[in-house]
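Visitor: The structure's right below; bear with me while I get my questions together.
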Amino acid sequence: MKKLRKRLWLLMLPVCLAAPLAGAQDGRPAPLPEEEMRVEKASAPDGNRLYVSDFAFHHMVDGRLHIVDGKAGRYLGMVNTSFGGLTTVAPDGKAIYVATTYYTRLYRGQRADVVEIHDPQTFALLAEIDIPARRAQSATYRSLLAPSADGRFLYVQNATPATSVTVVDLQQRKFVSEIQTPGCWSIQTWAQGHRFSAICGDGRLLTVTLDDNGQPVSRERSEAFFDPDKDPIYIHPEVVGDERYFVSYNANLYRVRLAGDKPTFTPPVSLLTARDRKEAWVPGGMQVMALHRNSNTLFVNMHDKGEEGSHKFPSKEIWAFDLGTLKRTARIPSNQASSIVASQGAEPLLYSLNVERGEIDVRAIGKKGYPKLRTIPRVGDTAVFMEVN
């Protein structure tokens, strides 16, 4: 009899347990209304929109371009740049360009190189243009992907490892030519016409002129303007009109004018004092210079105890120079930045990126001491370069 009662109790147990649950369900609030998914448009660029290129070193097939409101320190969105994607923004801020590579098996298989055009407010893909599978798979140095001065063409650096430049017609949205640039690297666009120069391994410039169809019509090599064995230069320049400024590993500043019939050069000037040389101060990093045009101020990443091979070391200080006199006007503490960029608008800011931590310090330009306003934390996995628009 006891065993029978026990069995009856066990059979009733699920009913007893279920009863309270049924009652609780009756007392629940009504379901929330279904949400409508939509894409919110970012506000138009205000001069302090940051485009931060993330090489994603630990998963390189999945690179990203992070878009950040630099003034507010607010994250706006992301564009995928796939494997070693090169990025840049149209001069008028109305398009984001990405030159990248896709493989059929993610990291292997058939290779497809494309130029993508993205909307700068929704970050959506607007167009995709097939290009030869030869573009440089590289960190996105500024001079490896560049639009022509009038925005008609987009120039893409190639490396197989032979060097050449792919020309894309942005109006017709198609590949139009490939220009061989043997022994020369980077794309230095001229402010007038369809023309670019490339820095050659012997210290000269190769200048290529294109016709209105993007086909080469002339190629000329200049005299040597630097010694690559004794004083190599960074290919990241700062631009003022027709003039480009390059800094060397030994802290010499070179001025190159891309105008007229051919490039012209000004003898280099050292940025160092005798004491600086004694302490072995040299530039370092990836994006080593930034220029604020209205104040004519050039910022340079610097570290002491420099030696052979330290040209990519992060900065200990950021030095400010009057570009007219080349006199140092400030020594700004650095967050061990590898890359710096300056905005040009009504509220100009200096951004310095610590690659290891993914942190961006934001400082006010035009105020004494360049006070730090904020730190933007953890932007990307391996963020390396910045562009501001």
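By convention here, the chains of the structure tokens are called A, B, ... in the order presented, each chain's residues are numbered starting at 1, and ligands are numbered starting at 1 in the order presented.
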Among the residues of region 104-148 of chain A, find those DSSP assigns to strand (DSSP E) from the backbone and print them as a PyMOL selection string.
Guide: chain A and resi 111-118+125-131+145-147
Visitor: Keeping only N, CA and C atoms, write those residues as an mmCIF file, in the first residue's frame.
Guide:
```
data_model
loop_
_atom_site.group_PDB
_atom_site.id
_atom_site.type_symbol
_atom_site.label_atom_id
_atom_site.label_comp_id
_atom_site.auth_asym_id
_atom_site.auth_seq_id
_atom_site.Cartn_x
_atom_site.Cartn_y
_atom_site.Cartn_z
ATOM 1 N N ARG A 111 41.916 34.402 -56.152
ATOM 2 C CA ARG A 111 42.019 35.770 -55.649
ATOM 3 C C ARG A 111 41.214 36.733 -56.505
ATOM 4 N N ALA A 112 40.519 37.638 -55.866
ATOM 5 C CA ALA A 112 39.777 38.695 -56.566
ATOM 6 C C ALA A 112 40.094 40.027 -55.906
ATOM 7 N N ASP A 113 40.648 40.966 -56.678
ATOM 8 C CA ASP A 113 40.930 42.315 -56.184
ATOM 9 C C ASP A 113 39.852 43.266 -56.682
ATOM 10 N N VAL A 114 39.414 44.155 -55.812
ATOM 11 C CA VAL A 114 38.345 45.093 -56.161
ATOM 12 C C VAL A 114 38.609 46.451 -55.521
ATOM 13 N N VAL A 115 38.019 47.471 -56.127
ATOM 14 C CA VAL A 115 37.888 48.779 -55.488
ATOM 15 C C VAL A 115 36.427 48.921 -55.085
ATOM 16 N N GLU A 116 36.208 49.205 -53.812
ATOM 17 C CA GLU A 116 34.846 49.408 -53.313
ATOM 18 C C GLU A 116 34.624 50.888 -53.025
ATOM 19 N N ILE A 117 33.406 51.338 -53.284
ATOM 20 C CA ILE A 117 33.009 52.707 -52.958
ATOM 21 C C ILE A 117 31.885 52.629 -51.937
ATOM 22 N N HIS A 118 32.073 53.279 -50.795
ATOM 23 C CA HIS A 118 31.093 53.233 -49.707
ATOM 24 C C HIS A 118 30.516 54.620 -49.438
ATOM 25 N N LEU A 125 27.794 49.782 -49.123
ATOM 26 C CA LEU A 125 28.515 49.620 -50.371
ATOM 27 C C LEU A 125 27.704 50.215 -51.519
ATOM 28 N N LEU A 126 28.321 51.119 -52.284
ATOM 29 C CA LEU A 126 27.665 51.753 -53.419
ATOM 30 C C LEU A 126 28.067 51.130 -54.744
ATOM 31 N N ALA A 127 29.329 50.703 -54.839
ATOM 32 C CA ALA A 127 29.812 50.147 -56.101
ATOM 33 C C ALA A 127 31.029 49.288 -55.834
ATOM 34 N N GLU A 128 31.262 48.345 -56.755
ATOM 35 C CA GLU A 128 32.430 47.477 -56.693
ATOM 36 C C GLU A 128 33.034 47.399 -58.088
ATOM 37 N N ILE A 129 34.331 47.647 -58.185
ATOM 38 C CA ILE A 129 35.021 47.701 -59.468
ATOM 39 C C ILE A 129 36.130 46.658 -59.471
ATOM 40 N N ASP A 130 36.105 45.750 -60.418
ATOM 41 C CA ASP A 130 37.150 44.735 -60.531
ATOM 42 C C ASP A 130 38.442 45.367 -61.037
ATOM 43 N N ILE A 131 39.555 44.984 -60.407
ATOM 44 C CA ILE A 131 40.873 45.457 -60.834
ATOM 45 C C ILE A 131 41.809 44.253 -60.930
ATOM 46 N N LEU A 145 47.091 54.526 -51.973
ATOM 47 C CA LEU A 145 45.773 54.635 -52.615
ATOM 48 C C LEU A 145 45.407 56.110 -52.626
ATOM 49 N N ALA A 146 45.262 56.684 -53.829
ATOM 50 C CA ALA A 146 45.082 58.138 -53.887
ATOM 51 C C ALA A 146 44.211 58.525 -55.075
ATOM 52 N N PRO A 147 43.249 59.425 -54.863
ATOM 53 C CA PRO A 147 42.466 59.948 -55.990
ATOM 54 C C PRO A 147 43.236 61.054 -56.704
#
```
Visitor: Residues of region 67-166 of chain A within 12 Å of region 324-346 of chain A: nearest atom pair and distance (Å, one decimal) for each, counting only C-alpha atoms, sorted by chain and number, as JSON lines?
Guide:
```
{"residue": "A:Asp69", "atom": "CA", "partner": "A:Ser343", "partner_atom": "CA", "distance": 11.9}
{"residue": "A:Gly70", "atom": "CA", "partner": "A:Ser343", "partner_atom": "CA", "distance": 9.4}
{"residue": "A:Lys71", "atom": "CA", "partner": "A:Ser343", "partner_atom": "CA", "distance": 10.0}
{"residue": "A:Thr140", "atom": "CA", "partner": "A:Ser339", "partner_atom": "CA", "distance": 12.0}
{"residue": "A:Tyr141", "atom": "CA", "partner": "A:Ser339", "partner_atom": "CA", "distance": 10.7}
{"residue": "A:Arg142", "atom": "CA", "partner": "A:Val341", "partner_atom": "CA", "distance": 11.5}
```
Visitor: I'd like the neighbourhood of region 135-137 of chain A as a ChimeraX atom specification, where a residue qualifies if any of its atoms comes within 8 Å (using only C-alpha atoms), though same-chain residues fewer than 2 positions away should be ignored.
Guide: /A:83-86,99-101,113,132-133,139,144,156-160,166
Visitor: Identify which of the residues A:Arg108, A:Glu317, A:Glu308, A:Glu40 lies closest to Asp229 (chain A), counting only C-alpha atoms when measuring atom-to-atom distances.
Guide: A:Glu308
Visitor: With a distance cut-off of 12 Å and only C-alpha atoms, select the neighbouring residues of Asp92 (chain A), excluding the residue or stretch itself and same-chain residues fewer than 4 positions from it, and output the selection as a PyMOL selection string.
Guide: chain A and resi 44-47+88+96+120+147+149-151+388-389
Visitor: When distances are computed from only C-alpha atoms, which of A:Val89, A:Ile318, A:Val355, A:Val239 shows the smallest separation from Asn296 (chain A)?
Guide: A:Val239
Visitor: From the options A:Val52, A:Val288, A:Ala251, A:Ile376, which residue's atoms come nearest to Glu359 (chain A), counting only C-alpha atoms?
Guide: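 Of all the options, A:Ile376 lies closest to Glu359 (chain A).
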Visitor: Record the distance separating CA of Met302 (chain A) and CA of Asn354 (chain A), expressed in Å with one decimal.
Guide: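 Taking CA of Met302 (chain A) and CA of Asn354 (chain A), their separation equals 13.7 Å.
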